[in-house]
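See below for structure_22.cif, which holds mmCIF, C-alpha atoms.
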data_work
#
loop_
_atom_site.label_atom_id
_atom_site.label_comp_id
_atom_site.auth_asym_id
_atom_site.auth_seq_id
_atom_site.Cartn_x
_atom_site.Cartn_y
_atom_site.Cartn_z
CA MET P 23 -8.14 10.59 9.93
CA SER P 24 -10.32 13.43 8.75
CA THR P 25 -13.40 14.87 10.38
CA ASP P 26 -16.19 12.36 10.89
CA THR P 27 -18.60 12.84 7.98
CA ARG P 28 -20.54 9.61 8.35
CA PRO P 29 -24.32 9.90 7.91
CA VAL P 30 -26.22 10.00 11.19
CA PRO P 31 -28.93 7.33 11.23
CA SER P 32 -32.43 8.38 12.21
CA LEU P 33 -33.30 7.57 15.80
CA THR P 34 -37.04 7.89 15.33
CA GLY P 35 -37.72 6.99 11.70
CA GLY P 36 -39.52 4.04 10.25
CA GLU P 37 -38.00 0.58 10.03
CA ARG P 38 -36.73 0.88 6.47
CA GLU P 39 -35.28 4.35 7.01
CA MET P 40 -33.46 3.15 10.12
CA LEU P 41 -32.08 0.03 8.43
CA ARG P 42 -30.89 2.08 5.46
CA GLY P 43 -29.37 4.70 7.78
CA PHE P 44 -27.45 2.22 9.92
CA LEU P 45 -26.23 0.31 6.87
CA ASP P 46 -24.94 3.53 5.30
CA TYR P 47 -23.34 4.52 8.62
CA HIS P 48 -21.41 1.25 8.73
CA ARG P 49 -20.42 1.52 5.07
CA ALA P 50 -19.04 4.99 5.79
CA THR P 51 -17.22 3.69 8.87
CA LEU P 52 -15.27 1.18 6.78
CA ALA P 53 -14.34 3.90 4.29
CA MET P 54 -13.28 6.21 7.15
CA LYS P 55 -11.00 3.53 8.60
CA CYS P 56 -9.14 3.42 5.27
CA GLU P 57 -8.76 7.19 4.80
CA GLY P 58 -5.29 8.57 4.30
CA LEU P 59 -3.51 5.22 3.97
CA THR P 60 -1.29 4.07 1.12
CA ASP P 61 -1.97 0.91 -0.87
CA GLU P 62 0.86 -0.76 1.03
CA GLN P 63 -0.65 0.18 4.39
CA LEU P 64 -4.09 -1.00 3.28
CA ARG P 65 -2.56 -4.38 2.36
CA GLN P 66 -0.84 -4.74 5.76
CA ARG P 67 -1.97 -8.00 7.37
CA SER P 68 -3.28 -8.26 10.90
CA SER P 69 -1.20 -11.15 12.20
CA PRO P 70 0.18 -13.76 9.84
CA PRO P 71 -0.82 -16.32 8.77
CA SER P 72 -4.13 -14.44 8.66
CA THR P 73 -4.68 -12.63 5.36
CA LEU P 74 -6.97 -10.05 7.00
CA SER P 75 -6.20 -6.47 5.93
CA LEU P 76 -8.17 -3.28 5.44
CA LEU P 77 -7.98 -3.68 1.67
CA GLY P 78 -9.11 -7.29 2.03
CA LEU P 79 -12.09 -6.13 4.10
CA VAL P 80 -13.11 -3.63 1.42
CA ARG P 81 -12.86 -6.33 -1.24
CA HIS P 82 -14.75 -8.80 0.96
CA MET P 83 -17.56 -6.32 1.54
CA ALA P 84 -17.86 -5.80 -2.23
CA GLU P 85 -18.47 -9.56 -2.47
CA VAL P 86 -20.97 -9.44 0.40
CA GLU P 87 -22.94 -6.56 -1.13
CA ARG P 88 -22.92 -8.27 -4.54
CA THR P 89 -24.01 -11.62 -3.15
CA TRP P 90 -26.82 -10.50 -0.89
CA PHE P 91 -28.39 -7.77 -2.99
CA ARG P 92 -27.67 -8.73 -6.60
CA ARG P 93 -27.50 -12.51 -6.41
CA VAL P 94 -29.96 -13.23 -3.59
CA ILE P 95 -32.57 -10.43 -3.68
CA ASP P 96 -32.39 -9.52 -7.38
CA GLY P 97 -31.70 -13.08 -8.57
CA GLU P 98 -28.86 -11.99 -10.87
CA ASP P 99 -26.63 -14.76 -12.18
CA VAL P 100 -23.32 -12.95 -11.69
CA PRO P 101 -20.03 -14.39 -10.41
CA LEU P 102 -18.21 -13.00 -7.42
CA VAL P 103 -16.07 -9.95 -8.17
CA TRP P 104 -12.72 -11.68 -7.59
CA SER P 105 -13.57 -15.37 -7.94
CA ALA P 106 -15.44 -16.97 -10.81
CA ASP P 107 -15.72 -20.22 -8.84
CA GLY P 108 -17.30 -18.71 -5.72
CA ASP P 109 -14.29 -18.69 -3.38
CA TYR P 110 -14.93 -15.81 -0.98
CA GLN P 111 -11.39 -16.06 0.45
CA VAL P 112 -9.87 -14.74 -2.80
CA ALA P 113 -10.98 -11.22 -1.80
CA TYR P 114 -8.46 -11.33 1.06
CA GLU P 115 -5.55 -12.05 -1.30
CA THR P 116 -4.43 -8.47 -1.83
CA GLY P 117 -0.87 -8.92 -3.12
CA GLY P 118 -1.39 -6.92 -6.33
CA ALA P 119 -4.57 -5.15 -5.26
CA THR P 120 -4.89 -1.37 -5.11
CA ARG P 121 -7.12 1.07 -3.29
CA ALA P 122 -8.42 2.30 -6.66
CA GLU P 123 -9.64 -1.10 -7.90
CA ALA P 124 -10.95 -2.27 -4.53
CA PHE P 125 -12.86 0.92 -3.75
CA ALA P 126 -14.23 1.19 -7.30
CA ALA P 127 -15.62 -2.36 -7.07
CA TRP P 128 -16.97 -1.86 -3.55
CA GLN P 129 -18.61 1.48 -4.37
CA ALA P 130 -20.15 0.04 -7.54
CA GLU P 131 -21.64 -2.83 -5.55
CA VAL P 132 -22.93 -0.45 -2.85
CA GLU P 133 -24.66 1.59 -5.56
CA HIS P 134 -26.24 -1.58 -7.01
CA SER P 135 -27.39 -2.53 -3.53
CA ARG P 136 -28.92 0.89 -2.92
CA ARG P 137 -30.81 0.77 -6.24
CA ILE P 138 -32.15 -2.71 -5.49
CA GLU P 139 -33.25 -1.72 -1.99
CA LEU P 140 -34.90 1.50 -3.16
CA ALA P 141 -36.74 -0.29 -5.99
CA ALA P 142 -38.14 -2.98 -3.69
CA PRO P 143 -41.77 -2.28 -2.78
CA SER P 144 -41.22 -3.44 0.82
CA LEU P 145 -38.82 -5.12 3.21
CA ASP P 146 -40.88 -8.29 2.73
CA VAL P 147 -39.48 -8.84 -0.78
CA THR P 148 -37.73 -12.21 -0.80
CA GLY P 149 -34.89 -13.84 -2.63
CA HIS P 150 -33.28 -17.26 -2.38
CA GLN P 151 -30.00 -17.79 -0.51
CA PRO P 152 -28.61 -21.03 -1.98
CA ARG P 153 -25.93 -21.43 0.69
CA TRP P 154 -28.72 -21.64 3.29
CA ASP P 155 -31.20 -23.29 0.90
CA ALA P 156 -33.76 -20.78 2.16
CA ASP P 157 -35.77 -17.81 1.05
CA VAL P 158 -34.83 -14.61 2.86
CA SER P 159 -36.44 -11.19 3.06
CA LEU P 160 -34.87 -7.87 2.16
CA ARG P 161 -35.28 -7.04 5.86
CA LEU P 162 -33.03 -9.97 6.80
CA VAL P 163 -30.51 -9.00 4.12
CA MET P 164 -30.24 -5.45 5.44
CA LEU P 165 -29.91 -6.69 9.03
CA HIS P 166 -27.31 -9.24 7.95
CA LEU P 167 -25.25 -6.58 6.18
CA ILE P 168 -25.41 -4.27 9.21
CA HIS P 169 -24.13 -7.20 11.30
CA GLU P 170 -21.42 -8.03 8.74
CA TYR P 171 -20.18 -4.44 8.52
CA ALA P 172 -20.27 -3.96 12.30
CA ARG P 173 -18.24 -7.12 12.86
CA HIS P 174 -15.67 -6.22 10.22
CA ASN P 175 -15.50 -2.59 11.36
CA GLY P 176 -14.32 -3.98 14.69
CA HIS P 177 -11.55 -5.74 12.77
CA ALA P 178 -10.86 -2.48 10.93
CA ASP P 179 -10.41 -0.68 14.27
CA PHE P 180 -7.58 -3.02 15.26
CA LEU P 181 -6.04 -3.05 11.79
CA ARG P 182 -5.94 0.76 11.61
CA GLU P 183 -4.48 1.09 15.10
CA ALA P 184 -1.72 -1.39 14.20
CA ILE P 185 -0.86 0.58 11.05
CA ASP P 186 -0.55 4.11 12.42
CA GLY P 187 -1.97 4.25 15.93
CA VAL P 188 -5.23 5.93 14.92
CA VAL P 189 -8.10 4.83 17.15
CA GLY P 190 -11.76 5.66 17.59
CA ALA P 191 -15.03 5.47 15.72
#

For the structure just supplied, provide its representation as structure tokens.
Amino acid sequence: MSTDTRPVPSLTGGEREMLRGFLDYHRATLAMKCEGLTDEQLRQRSSPPSTLSLLGLVRHMAEVERTWFRRVIDGEDVPLVWSADGDYQVAYETGGATRAEAFAAWQAEVEHSRRIELAAPSLDVTGHQPRWDADVSLRLVMLHLIHEYARHNGHADFLREAIDGVVGA
């Protein structure tokens, strides 16, 4: 892997700055785990029958970003990226998927998320999460995404090591 160019989150900033910084750090970590790999390597599954792969994680995180920021906080009526009927597991089906399409979708959703977060007047802005049948704050959404990326970056660590032996950060 290349030199670590992930953004360094503020250690003394305000709440919003820190949440944004740690979320961007984890986004960059996922991208770093995929650097230098071929489409075939990115599609390599962890341990069958699991469909977990690095490419699947990138696609899944595009769905997560889209759902929590666009659908929940912004109230947009948009389908999932890879499943019109709301099946989140479709993102892990990477048979014909490519780095180009997965990263383009993920990066587009990250940019939507950043715009929504920056436009919100405060972390107290709320949206409705229908799966929980509850209103949630932007603060919770950002914390949830940090948690989601951190958990999946742990998966990415093992996936990358199994592909080419690269370990660390």

Show me, as number ranges by chain, the residues that have an atom within 10 Å of Cys56 in chain P when counting only C-alpha atoms, minus same-chain residues fewer than 5 positions from it. P: 23, 51, 61, 63-64, 76-77, 80, 121, 178-179, 181-182

For the selection just defined, write its residues with C-alpha atoms to a file, as a short mmCIF file (atom, residue, chain, number, x, y, z; two decimals), in the frame of the given file.
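Below you can see result-v9.cif, which holds the result:
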data_model
loop_
_atom_site.label_atom_id
_atom_site.label_comp_id
_atom_site.auth_asym_id
_atom_site.auth_seq_id
_atom_site.Cartn_x
_atom_site.Cartn_y
_atom_site.Cartn_z
CA MET P 23 -8.14 10.59 9.93
CA THR P 51 -17.22 3.69 8.87
CA ASP P 61 -1.97 0.91 -0.87
CA GLN P 63 -0.65 0.18 4.39
CA LEU P 64 -4.09 -1.00 3.28
CA LEU P 76 -8.17 -3.28 5.44
CA LEU P 77 -7.98 -3.68 1.67
CA VAL P 80 -13.11 -3.63 1.42
CA ARG P 121 -7.12 1.07 -3.29
CA ALA P 178 -10.86 -2.48 10.93
CA ASP P 179 -10.41 -0.68 14.27
CA LEU P 181 -6.04 -3.05 11.79
CA ARG P 182 -5.94 0.76 11.61
#

Name all residues at most 7 Å from range 81-85 of chain P (count all atoms listed in the file; drop same-chain ones fewer than 2 positions away) and give them as a ChimeraX atom specification. /P:77-79,87-89,102-103,113-114,124,127-128,131

Residues within 8 Å of Gly43 in chain P, only C-alpha atoms, excluding chain neighbours under 2 positions, as an MDAnalysis selection string: chainID P and resid 29:32 39:41 45:47

Straight-line distance linking CA of Asp186 in chain P with CA of Ala119 in chain P, stated in Å to one decimal: 20.4 Å

Running the PyMOL selection byres ((chain P and resi 136-148) around 7) on this model by hand, what would come out? Give it as a JSON list (two decimals) with C-alpha atoms, in the coordinates of the input.
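That gives us selection06.json:
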[["chain", "number", "residue", "atom", "x", "y", "z"],
["P", 91, "PHE", "CA", -28.39, -7.77, -2.99],
["P", 95, "ILE", "CA", -32.57, -10.43, -3.68],
["P", 132, "VAL", "CA", -22.93, -0.45, -2.85],
["P", 133, "GLU", "CA", -24.66, 1.59, -5.56],
["P", 134, "HIS", "CA", -26.24, -1.58, -7.01],
["P", 135, "SER", "CA", -27.39, -2.53, -3.53],
["P", 149, "GLY", "CA", -34.89, -13.84, -2.63],
["P", 150, "HIS", "CA", -33.28, -17.26, -2.38],
["P", 157, "ASP", "CA", -35.77, -17.81, 1.05],
["P", 158, "VAL", "CA", -34.83, -14.61, 2.86],
["P", 159, "SER", "CA", -36.44, -11.19, 3.06],
["P", 160, "LEU", "CA", -34.87, -7.87, 2.16],
["P", 161, "ARG", "CA", -35.28, -7.04, 5.86]]

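Among the candidates P:Gln151, P:Thr27, P:Asn175, P:Ser75, the one nearest to Trp90 in chain P when counting only C-alpha atoms is P:Gln151.
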
Interatomic distance between CA of Val188 in chain P and CA of Arg65 in chain P?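 For CA of Val188 in chain P relative to CA of Arg65 in chain P, the distance reads 16.5 Å.
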
When distances are computed from only C-alpha atoms, which of P:Ala172, P:Leu165, P:Gly117, P:Ala130 shows the smallest separation from Gln66 in chain P? P:Gly117

Compare P:Ser105, P:Val100, P:Ala156, P:Thr25 by their minimum atom-to-atom distance to Gly58 in chain P, counting all atoms listed in the file, and give me the closest one.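 Answer, going by the shortest atom-to-atom distance: P:Thr25.
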
Atom pair CA of Glu98 in chain P + CA of Pro152 in chain P, distance 12.7 Å

Residue with smallest distance to Phe44 in chain P - pool P:Ala106, P:Ile168, P:Ala184, P:Val189, counting all atoms listed in the file: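 Checking each of P:Ala106, P:Ile168, P:Ala184, P:Val189 against Phe44 in chain P, counting all atoms listed in the file, the winner is P:Ile168.
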
Between P:Val94, P:Thr34, P:Tyr110, P:His48, which is the closest to Arg173 in chain P once you count all atoms listed in the file?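 Of the candidates, the smallest distance to Arg173 in chain P is held by P:His48.
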
Could you check which of P:Arg67, P:His174, P:Arg93, P:Arg38 is closest to Leu162 in chain P, using only C-alpha atoms?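 The closest residue to Leu162 in chain P is P:Arg38.
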